[in-house]
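Participant: This is run-v6.csv, which holds CSV, C-alpha atoms:
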chain,number,residue,atom,x,y,z
A,1,MET,CA,127.7,132.1,115.4
A,2,THR,CA,128.9,128.6,116.1
A,3,GLY,CA,132.6,128.3,117.1
A,4,ASN,CA,133.1,125.2,115.0
A,5,PRO,CA,134.0,126.0,111.4
A,6,PHE,CA,133.0,122.5,110.3
A,7,SER,CA,129.4,123.0,111.5
A,8,LEU,CA,129.3,126.3,109.6
A,9,TRP,CA,130.5,124.5,106.5
A,10,VAL,CA,127.8,121.8,107.0
A,11,TYR,CA,125.2,124.5,107.3
A,12,LEU,CA,126.4,126.5,104.3
A,13,SER,CA,127.0,123.5,102.0
A,14,GLN,CA,123.3,122.6,102.3
A,15,THR,CA,122.0,126.0,101.4
A,16,PRO,CA,121.2,127.2,97.9
A,17,LEU,CA,123.1,130.5,98.7
A,18,LEU,CA,126.6,128.9,98.6
A,19,TRP,CA,126.1,127.0,95.3
A,20,LEU,CA,124.4,129.9,93.5
A,21,THR,CA,127.3,132.1,94.7
A,22,VAL,CA,129.9,129.6,93.5
A,23,THR,CA,128.2,129.4,90.1
A,24,LEU,CA,128.1,133.1,89.6
A,25,VAL,CA,131.6,133.9,90.9
A,26,VAL,CA,133.3,131.1,88.8
A,27,TYR,CA,131.4,132.3,85.7
A,28,ALA,CA,132.2,136.0,86.4
A,29,ILE,CA,135.9,135.1,86.6
A,30,ALA,CA,135.8,132.8,83.5
A,31,ASP,CA,133.9,135.6,81.6
A,32,ALA,CA,136.4,138.3,82.7
A,33,ALA,CA,139.3,136.1,81.5
A,34,SER,CA,137.5,135.5,78.2
A,35,LEU,CA,137.0,139.3,77.8
A,36,ALA,CA,140.6,140.1,78.8
A,37,THR,CA,141.8,137.8,76.0
A,38,HIS,CA,139.4,139.4,73.5
A,39,ARG,CA,137.1,136.4,73.5
A,40,ASN,CA,139.8,134.0,72.6
A,41,PRO,CA,137.9,130.8,71.7
A,42,LEU,CA,140.1,128.7,74.0
A,43,MET,CA,139.0,130.8,77.0
A,44,ASN,CA,135.4,129.7,76.5
A,45,PRO,CA,133.5,130.7,79.7
A,46,VAL,CA,131.2,127.6,79.6
A,47,LEU,CA,134.1,125.2,79.3
A,48,HIS,CA,136.1,126.7,82.1
A,49,SER,CA,133.2,127.3,84.5
A,50,ILE,CA,132.1,123.7,84.1
A,51,TRP,CA,135.4,122.1,85.0
A,52,ILE,CA,136.2,124.5,87.9
A,53,VAL,CA,132.8,124.1,89.5
A,54,GLY,CA,133.0,120.3,88.9
A,55,LEU,CA,136.4,120.1,90.5
A,56,PHE,CA,135.1,122.2,93.5
A,57,LEU,CA,132.2,119.8,94.0
A,58,HIS,CA,134.5,116.8,93.7
A,59,VAL,CA,137.0,118.2,96.2
A,60,THR,CA,134.3,119.1,98.7
A,61,GLY,CA,132.4,115.8,98.1
A,62,THR,CA,129.2,117.7,97.3
A,63,SER,CA,126.5,115.8,95.4
A,64,TYR,CA,125.0,117.2,92.2
A,65,THR,CA,121.6,117.3,93.9
A,66,THR,CA,122.9,119.7,96.6
A,67,TYR,CA,124.7,121.8,94.0
A,68,PHE,CA,121.6,122.0,91.8
A,69,SER,CA,119.5,123.3,94.7
A,70,GLY,CA,121.4,126.6,94.3
A,71,ALA,CA,122.2,126.4,90.6
A,72,GLN,CA,118.6,125.8,89.6
A,73,PHE,CA,118.0,129.5,89.8
A,74,VAL,CA,120.4,130.0,86.9
A,75,HIS,CA,119.2,126.9,85.1
A,76,PHE,CA,115.6,128.2,85.2
A,77,LEU,CA,116.6,131.3,83.2
A,78,LEU,CA,117.1,129.1,80.1
A,79,GLY,CA,113.4,129.4,79.4
A,80,PRO,CA,113.1,133.2,79.7
A,81,ALA,CA,116.3,133.5,77.6
A,82,THR,CA,114.7,131.5,74.8
A,83,VAL,CA,111.8,133.9,74.9
A,84,ALA,CA,114.3,136.8,74.9
A,85,LEU,CA,115.6,135.6,71.5
A,86,ALA,CA,112.5,137.3,70.1
A,87,VAL,CA,114.1,140.7,70.6
A,88,PRO,CA,117.2,140.4,68.3
A,89,LEU,CA,115.1,138.4,65.9
A,90,TYR,CA,112.6,141.3,65.8
A,91,GLU,CA,115.3,143.9,65.4
A,92,ASN,CA,117.0,142.0,62.6
A,93,ARG,CA,113.8,140.7,60.9
A,94,LYS,CA,114.6,142.3,57.5
A,95,THR,CA,118.0,140.6,57.4
A,96,VAL,CA,116.4,137.3,58.4
A,97,MET,CA,113.6,137.5,55.9
A,98,SER,CA,116.0,138.1,53.0
A,99,ALA,CA,117.9,135.0,53.9
A,100,ILE,CA,115.1,132.5,54.2
A,101,VAL,CA,116.1,130.3,51.2
A,102,PRO,CA,119.8,130.0,52.1
A,103,MET,CA,118.7,129.2,55.7
A,104,LEU,CA,116.4,126.4,54.6
A,105,MET,CA,119.0,124.9,52.3
A,106,ALA,CA,121.7,125.1,55.0
A,107,LEU,CA,119.3,123.6,57.5
A,108,VAL,CA,118.5,120.5,55.5
A,109,VAL,CA,122.0,119.8,54.2
A,110,GLY,CA,123.6,120.7,57.6
A,111,CYS,CA,121.2,118.6,59.6
A,112,ILE,CA,121.8,115.5,57.4
A,113,THR,CA,125.6,116.1,57.6
A,114,ALA,CA,125.5,116.4,61.4
A,115,ILE,CA,123.7,113.0,61.7
A,116,VAL,CA,125.3,111.0,58.9
A,117,SER,CA,128.9,112.1,59.7
A,118,VAL,CA,128.8,111.1,63.3
A,119,VAL,CA,127.1,107.8,62.6
A,120,LEU,CA,129.6,106.9,59.8
A,121,PHE,CA,132.6,107.9,61.9
A,122,ALA,CA,131.3,106.0,64.9
A,123,GLU,CA,130.6,102.9,62.8
A,124,ALA,CA,134.1,103.1,61.2
A,125,ALA,CA,135.6,103.3,64.6
A,126,GLY,CA,133.8,100.1,65.5
A,127,LEU,CA,131.8,101.5,68.4
A,128,PRO,CA,128.9,99.4,69.9
A,129,ARG,CA,125.5,100.0,68.3
A,130,GLU,CA,124.1,101.6,71.5
A,131,ILE,CA,126.8,104.3,71.5
A,132,VAL,CA,126.4,105.0,67.8
A,133,LEU,CA,122.7,105.6,68.3
A,134,SER,CA,123.4,107.7,71.4
A,135,LEU,CA,125.7,110.0,69.5
A,136,ALA,CA,123.4,110.5,66.5
A,137,PRO,CA,121.3,113.5,67.8
A,138,LYS,CA,124.3,115.3,69.5
A,139,SER,CA,123.9,118.5,67.5
A,140,VAL,CA,120.6,119.6,69.0
A,141,THR,CA,119.9,121.1,72.4
A,142,ALA,CA,120.3,118.6,75.3
A,143,GLY,CA,116.7,118.2,76.3
A,144,VAL,CA,115.5,117.4,72.7
A,145,ALA,CA,118.6,115.1,72.0
A,146,MET,CA,117.9,113.0,75.1
A,147,GLY,CA,114.3,112.6,74.1
A,148,ILE,CA,115.3,111.4,70.6
A,149,SER,CA,117.9,109.0,72.2
A,150,GLU,CA,115.2,107.6,74.4
A,151,THR,CA,112.8,106.8,71.6
A,152,LEU,CA,115.7,105.1,69.7
A,153,GLY,CA,116.3,102.9,72.7
A,154,ALA,CA,119.8,104.4,73.1
A,155,ASN,CA,121.4,105.8,76.3
A,156,PRO,CA,120.2,109.3,77.1
A,157,ALA,CA,123.0,109.9,79.6
A,158,ILE,CA,125.6,109.3,76.9
A,159,THR,CA,123.7,111.5,74.6
A,160,ALA,CA,123.7,114.3,77.2
A,161,VAL,CA,127.5,114.1,77.5
A,162,ALA,CA,128.0,114.0,73.8
A,163,THR,CA,125.7,117.0,73.4
A,164,VAL,CA,127.6,119.2,75.8
A,165,LEU,CA,130.9,118.1,74.4
A,166,THR,CA,129.7,118.9,70.9
A,167,GLY,CA,128.4,122.3,72.0
A,168,ILE,CA,131.7,123.3,73.6
A,169,MET,CA,133.8,122.0,70.7
A,170,GLY,CA,131.8,123.9,68.2
A,171,ALA,CA,132.0,127.1,70.2
A,172,ILE,CA,135.8,126.7,70.4
A,173,VAL,CA,136.5,125.8,66.7
A,174,VAL,CA,134.0,128.0,64.9
A,175,THR,CA,135.9,131.3,65.0
A,176,PRO,CA,139.3,130.0,63.9
A,177,THR,CA,137.8,127.7,61.3
A,178,MET,CA,135.7,130.5,59.7
A,179,ASN,CA,138.5,132.9,59.8
A,180,ARG,CA,140.9,130.5,58.1
A,181,LEU,CA,138.3,129.8,55.4
A,182,GLY,CA,138.0,133.6,54.9
A,183,ILE,CA,134.2,133.6,55.6
A,184,THR,CA,133.1,137.1,56.7
A,185,ASP,CA,129.3,136.7,56.3
A,186,PHE,CA,128.1,136.6,59.9
A,187,ARG,CA,124.7,135.3,58.9
A,188,ALA,CA,126.3,132.1,57.6
A,189,ARG,CA,128.8,131.8,60.4
A,190,GLY,CA,126.1,132.1,63.0
A,191,PHE,CA,123.8,129.8,61.3
A,192,ALA,CA,126.5,127.1,61.0
A,193,VAL,CA,127.4,127.2,64.7
A,194,GLY,CA,123.8,127.2,65.9
A,195,LEU,CA,123.1,124.2,63.8
A,196,ALA,CA,126.2,122.2,64.8
A,197,SER,CA,126.5,123.3,68.4
A,198,HIS,CA,123.0,124.3,69.6
A,199,GLY,CA,122.8,126.7,72.7
A,200,ILE,CA,126.4,126.7,73.6
A,201,GLY,CA,127.3,127.6,70.0
A,202,THR,CA,124.6,130.3,70.0
A,203,ALA,CA,126.0,131.8,73.2
A,204,ARG,CA,129.4,132.0,71.5
A,205,ALA,CA,127.8,133.6,68.4
A,206,PHE,CA,126.2,136.3,70.5
A,207,GLN,CA,129.6,137.2,72.0
A,208,VAL,CA,131.1,137.6,68.6
A,209,ASP,CA,128.3,139.4,66.6
A,210,GLU,CA,124.6,140.1,67.2
A,211,VAL,CA,123.6,139.1,63.6
A,212,ALA,CA,125.5,135.8,64.1
A,213,GLY,CA,123.7,135.3,67.4
A,214,VAL,CA,120.3,135.8,65.7
A,215,PHE,CA,121.0,133.3,62.9
A,216,ALA,CA,122.5,130.8,65.4
A,217,GLY,CA,119.3,131.0,67.5
A,218,ILE,CA,117.2,130.3,64.4
A,219,ALA,CA,119.4,127.4,63.3
A,220,MET,CA,119.3,125.9,66.8
A,221,GLY,CA,115.5,126.0,66.9
A,222,LEU,CA,114.9,124.7,63.4
A,223,ASN,CA,117.5,121.9,63.8
A,224,ALA,CA,115.9,120.6,66.9
A,225,LEU,CA,112.7,120.1,64.8
A,226,VAL,CA,114.4,118.5,61.7
A,227,THR,CA,116.7,116.3,63.7
A,228,SER,CA,113.8,114.8,65.6
A,229,LEU,CA,112.3,113.8,62.3
A,230,LEU,CA,115.5,112.7,60.5
A,231,VAL,CA,117.5,110.7,63.2
A,232,PRO,CA,115.0,107.8,63.3
A,233,VAL,CA,115.1,107.7,59.4
A,234,ALA,CA,118.9,107.8,59.4
A,235,ALA,CA,119.1,105.1,62.1
A,236,THR,CA,117.1,102.7,60.0
A,237,LEU,CA,118.9,103.5,56.7
A,238,LEU,CA,122.5,103.6,57.9
A,239,LEU,CA,122.4,100.9,60.6
A,240,ARG,CA,121.2,97.6,59.3
B,1,MET,CA,113.4,146.2,84.7
B,2,ILE,CA,110.9,144.2,86.7
B,3,ALA,CA,108.1,145.1,84.3
B,4,SER,CA,110.2,144.0,81.4
B,5,LEU,CA,111.1,140.7,83.0
B,6,SER,CA,107.4,140.2,83.7
B,7,VAL,CA,106.5,140.7,80.0
B,8,ILE,CA,109.1,138.0,79.2
B,9,LEU,CA,107.8,135.6,81.9
B,10,ILE,CA,104.2,136.2,80.9
B,11,CYS,CA,105.0,135.3,77.3
B,12,GLN,CA,106.7,132.1,78.5
B,13,LEU,CA,103.7,131.3,80.8
B,14,ILE,CA,101.2,131.7,78.0
B,15,GLY,CA,103.5,129.6,75.8
B,16,GLU,CA,103.5,126.8,78.4
B,17,VAL,CA,99.7,127.0,78.8
B,18,ILE,CA,99.2,126.7,75.0
B,19,VAL,CA,101.6,123.8,74.7
B,20,ARG,CA,100.1,121.8,77.6
B,21,GLY,CA,96.5,122.7,76.6
B,22,LEU,CA,96.8,121.8,72.9
B,23,ARG,CA,99.4,119.0,73.5
B,24,VAL,CA,101.7,120.4,70.7
B,25,PRO,CA,105.2,118.9,70.7
B,26,VAL,CA,107.0,122.3,70.9
B,27,PRO,CA,108.7,123.6,74.0
B,28,GLY,CA,106.7,126.3,75.8
B,29,PRO,CA,109.5,128.9,75.7
B,30,VAL,CA,109.5,128.6,71.8
B,31,VAL,CA,105.8,129.6,71.7
B,32,GLY,CA,106.7,132.4,74.2
B,33,LEU,CA,109.4,133.6,71.7
B,34,ALA,CA,106.8,133.8,68.9
B,35,LEU,CA,104.4,135.6,71.2
B,36,LEU,CA,106.9,138.2,72.3
B,37,PHE,CA,107.8,138.7,68.6
B,38,VAL,CA,104.1,139.3,67.8
B,39,VAL,CA,103.8,141.7,70.7
B,40,LEU,CA,106.7,143.8,69.5
B,41,ILE,CA,105.4,143.9,65.9
B,42,THR,CA,101.9,144.8,67.1
B,43,ARG,CA,103.3,147.6,69.3
B,44,ASP,CA,105.0,149.2,66.2
B,45,ARG,CA,101.7,149.1,64.3
B,46,PHE,CA,99.6,150.6,67.1
B,47,PRO,CA,101.6,153.4,68.9
B,48,ILE,CA,99.0,153.5,71.7
B,49,LEU,CA,100.4,150.2,73.0
B,50,ALA,CA,103.9,151.7,73.5
B,51,ARG,CA,103.6,152.0,77.3
B,52,GLY,CA,105.5,150.8,80.4
B,53,PRO,CA,107.9,148.1,79.4
B,54,LEU,CA,107.0,148.4,75.8
B,55,ARG,CA,108.4,151.9,75.7
B,56,ASP,CA,111.9,153.3,75.3
B,57,ASN,CA,113.5,149.9,74.5
B,58,ALA,CA,112.8,148.5,78.0
B,59,VAL,CA,111.9,144.9,77.1
B,60,GLU,CA,114.6,145.0,74.4
B,61,GLY,CA,117.2,146.0,77.0
B,62,ALA,CA,116.2,143.3,79.5
B,63,ALA,CA,116.2,140.6,76.8
B,64,LYS,CA,119.6,141.7,75.5
B,65,GLY,CA,121.0,141.7,79.0
B,66,MET,CA,119.9,138.1,79.4
B,67,LEU,CA,121.3,137.0,76.1
B,68,ALA,CA,124.7,138.7,76.7
B,69,HIS,CA,125.2,136.1,79.5
B,70,LEU,CA,123.6,133.1,77.7
B,71,SER,CA,126.8,131.1,78.4
B,72,LEU,CA,126.2,131.3,82.2
B,73,LEU,CA,122.9,129.5,81.8
B,74,PHE,CA,124.5,126.3,80.5
B,75,VAL,CA,126.9,125.9,83.4
B,76,PRO,CA,124.5,124.1,85.9
B,77,ALA,CA,123.5,121.5,83.3
B,78,GLY,CA,127.1,121.2,82.0
B,79,VAL,CA,128.4,120.5,85.5
B,80,GLY,CA,125.9,117.6,85.9
B,81,VAL,CA,127.0,116.2,82.5
B,82,VAL,CA,130.7,116.4,83.2
B,83,GLN,CA,130.2,114.4,86.3
B,84,GLN,CA,129.1,111.5,84.1
B,85,LEU,CA,132.2,111.6,81.8
B,86,ASP,CA,133.2,108.2,83.1
B,87,LEU,CA,130.3,106.8,81.1
B,88,LEU,CA,132.6,107.3,78.2
B,89,ALA,CA,135.4,105.4,80.0
B,90,HIS,CA,135.9,102.6,77.4
B,91,HIS,CA,135.6,104.6,74.2
B,92,GLY,CA,136.4,108.1,75.5
B,93,LEU,CA,139.1,109.0,73.1
B,94,ALA,CA,137.4,107.6,70.1
B,95,ILE,CA,134.1,109.4,70.9
B,96,PHE,CA,136.0,112.7,71.5
B,97,VAL,CA,137.7,112.5,68.1
B,98,ILE,CA,134.5,111.5,66.3
B,99,LEU,CA,132.5,114.4,67.8
B,100,ALA,CA,135.3,116.9,67.0
B,101,ALA,CA,135.4,115.6,63.4
B,102,SER,CA,131.7,115.7,63.0
B,103,VAL,CA,131.4,119.2,64.4
B,104,LEU,CA,134.1,120.4,62.0
B,105,VAL,CA,132.5,118.8,58.9
B,106,THR,CA,129.0,120.1,59.9
B,107,LEU,CA,130.2,123.6,60.4
B,108,VAL,CA,132.0,123.7,57.0
B,109,VAL,CA,129.2,122.0,55.0
B,110,THR,CA,126.5,124.2,56.6
B,111,VAL,CA,128.4,127.5,56.1
B,112,GLY,CA,129.2,126.4,52.5
B,113,THR,CA,125.6,125.6,51.7
B,114,PHE,CA,124.4,128.9,53.1
B,115,LEU,CA,126.9,130.9,51.1
B,116,ILE,CA,126.5,129.1,47.8
B,117,THR,CA,122.7,129.3,47.9
B,118,SER,CA,122.9,133.0,48.9
B,119,ARG,CA,125.3,133.7,45.9
B,120,LEU,CA,123.2,131.8,43.4
B,121,MET,CA,120.1,133.8,44.5
B,122,ARG,CA,121.9,137.1,44.1
B,123,ARG,CA,123.1,136.0,40.6
B,124,GLY,CA,119.5,134.9,39.7
B,125,ARG,CA,118.1,138.3,40.9
B,126,SER,CA,120.7,140.4,39.0
B,127,ALA,CA,120.1,138.3,35.8
B,128,SER,CA,116.4,138.8,35.8
Can the structure in the file be given as structure tokens, please?

Facilitator:
Amino acid sequence: MTGNPFSLWVYLSQTPLLWLTVTLVVYAIADAASLATHRNPLMNPVLHSIWIVGLFLHVTGTSYTTYFSGAQFVHFLLGPATVALAVPLYENRKTVMSAIVPMLMALVVGCITAIVSVVLFAEAAGLPREIVLSLAPKSVTAGVAMGISETLGANPAITAVATVLTGIMGAIVVTPTMNRLGITDFRARGFAVGLASHGIGTARAFQVDEVAGVFAGIAMGLNALVTSLLVPVAATLLLR
Amino acid sequence: MIASLSVILICQLIGEVIVRGLRVPVPGPVVGLALLFVVLITRDRFPILARGPLRDNAVEGAAKGMLAHLSLLFVPAGVGVVQQLDLLAHHGLAIFVILAASVLVTLVVTVGTFLITSRLMRRGRSAS
């Protein structure tokens, strides 16, 4: 072992081991805090893990590329987790099949609302055209949203930020909003949060109720499809 | 556990191959999802297929374990995005408020549409 703690840090900070460990430990603590508060929406584990890890990188002057060399092992699992959605879908297929029509109606109306509301609010606030366009696809999963943003000639980086913020906000407000409205149908609650807040909303839904999680996953997938078709149309109709 | 994970990865792999091969504009994992769904349904129809990871809820358990910590998987990407928050420097507060308002409106309208349609259908069914 080297006697110099700095050279040890230089070595460790360049290995995937340190950053993978940091990601898992911070998440484990954030998740334990969320569980201890009975899944209080404000204790959202995504929100708190992100800022704590971000702060840690900032303080240690670590670049995102270095961090990602370790965190990529977690990031990679997004693909297999998408495949894994087949299992709750399969187990709840009767519930899903009986709700096809309400889902399709909610999909179309919800998707239009997600796009039109953000474009109108942003226009009313007098934001520059590039930002308005960048915000339009914010309700779909980040990869798809950035693709849409690029085809519109907007700024995909701003879209990515808006997408993550939208995901976290939806995951935080969904439970109190639905409870206040007295909505107890977890199919509808899940579908709404998956449509409005993609994967981060779906993760929240799975923490609350499995049926809600299934419907959120379906909404997330379908909305990615419909939003890709509707955002360019909305952009030409609303922004002249 | 490993066999179950392999089943999930194989579904994703075949999904990626199909997507690249046929140039369909769908993410590979989504095709993988459809494949795993078909595998589970097929297994129920032909009990002879219920072996290894397709027996005793093995794949089901692995998949649920992964989904229970779906939140964790968004952390690496989220950290990258938050480092770019200064992109919003000029209009940060406005964008924040706009996104929050849009999310709230979208949630309420979507849940409302779902419930109203569902109620209308039930009424239609009991009337006929």

Participant: Measure the distance from atom CA of Val83 of chain A to atom CA of Ala142 of chain A in Å and round it to one decimal.

Facilitator: 17.5 Å

Participant: Would you list which chain B residues are within 7 Å of chain A using only C-alpha atoms, as a tab-separated table (two decimals) with C-alpha atoms, in the frame of the given file?

Facilitator:
chain	number	residue	atom	x	y	z
B	8	ILE	CA	109.10	138.00	79.20
B	9	LEU	CA	107.80	135.60	81.90
B	12	GLN	CA	106.70	132.10	78.50
B	29	PRO	CA	109.50	128.90	75.70
B	30	VAL	CA	109.50	128.60	71.80
B	32	GLY	CA	106.70	132.40	74.20
B	33	LEU	CA	109.40	133.60	71.70
B	34	ALA	CA	106.80	133.80	68.90
B	36	LEU	CA	106.90	138.20	72.30
B	37	PHE	CA	107.80	138.70	68.60
B	60	GLU	CA	114.60	145.00	74.40
B	63	ALA	CA	116.20	140.60	76.80
B	66	MET	CA	119.90	138.10	79.40
B	67	LEU	CA	121.30	137.00	76.10
B	68	ALA	CA	124.70	138.70	76.70
B	70	LEU	CA	123.60	133.10	77.70
B	71	SER	CA	126.80	131.10	78.40
B	72	LEU	CA	126.20	131.30	82.20
B	73	LEU	CA	122.90	129.50	81.80
B	74	PHE	CA	124.50	126.30	80.50
B	75	VAL	CA	126.90	125.90	83.40
B	76	PRO	CA	124.50	124.10	85.90
B	78	GLY	CA	127.10	121.20	82.00
B	79	VAL	CA	128.40	120.50	85.50
B	80	GLY	CA	125.90	117.60	85.90
B	81	VAL	CA	127.00	116.20	82.50
B	82	VAL	CA	130.70	116.40	83.20
B	85	LEU	CA	132.20	111.60	81.80
B	87	LEU	CA	130.30	106.80	81.10
B	98	ILE	CA	134.50	111.50	66.30
B	99	LEU	CA	132.50	114.40	67.80
B	100	ALA	CA	135.30	116.90	67.00
B	102	SER	CA	131.70	115.70	63.00
B	103	VAL	CA	131.40	119.20	64.40
B	106	THR	CA	129.00	120.10	59.90
B	107	LEU	CA	130.20	123.60	60.40
B	109	VAL	CA	129.20	122.00	55.00
B	110	THR	CA	126.50	124.20	56.60
B	111	VAL	CA	128.40	127.50	56.10
B	113	THR	CA	125.60	125.60	51.70
B	114	PHE	CA	124.40	128.90	53.10
B	115	LEU	CA	126.90	130.90	51.10
B	117	THR	CA	122.70	129.30	47.90
B	118	SER	CA	122.90	133.00	48.90

Participant: One number please: atom CA of Ala101 of chain B to atom CA of Ala154 of chain A, in Å, one decimal.

Facilitator: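 Distance between the two atoms: 21.5 Å.
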
Participant: By how many Å are atom CA of Ala32 of chain A and atom CA of Pro176 of chain A apart?

Facilitator: 20.8 Å

Participant: Excluding Gly52 of chain B and residues on its chain fewer than 3 positions from it, collect all residues at most 12 Å away from it, counting only C-alpha atoms, and give them as a VMD selection string.

Facilitator: chain B and resid 1 to 7 43 48 to 49 55 to 59
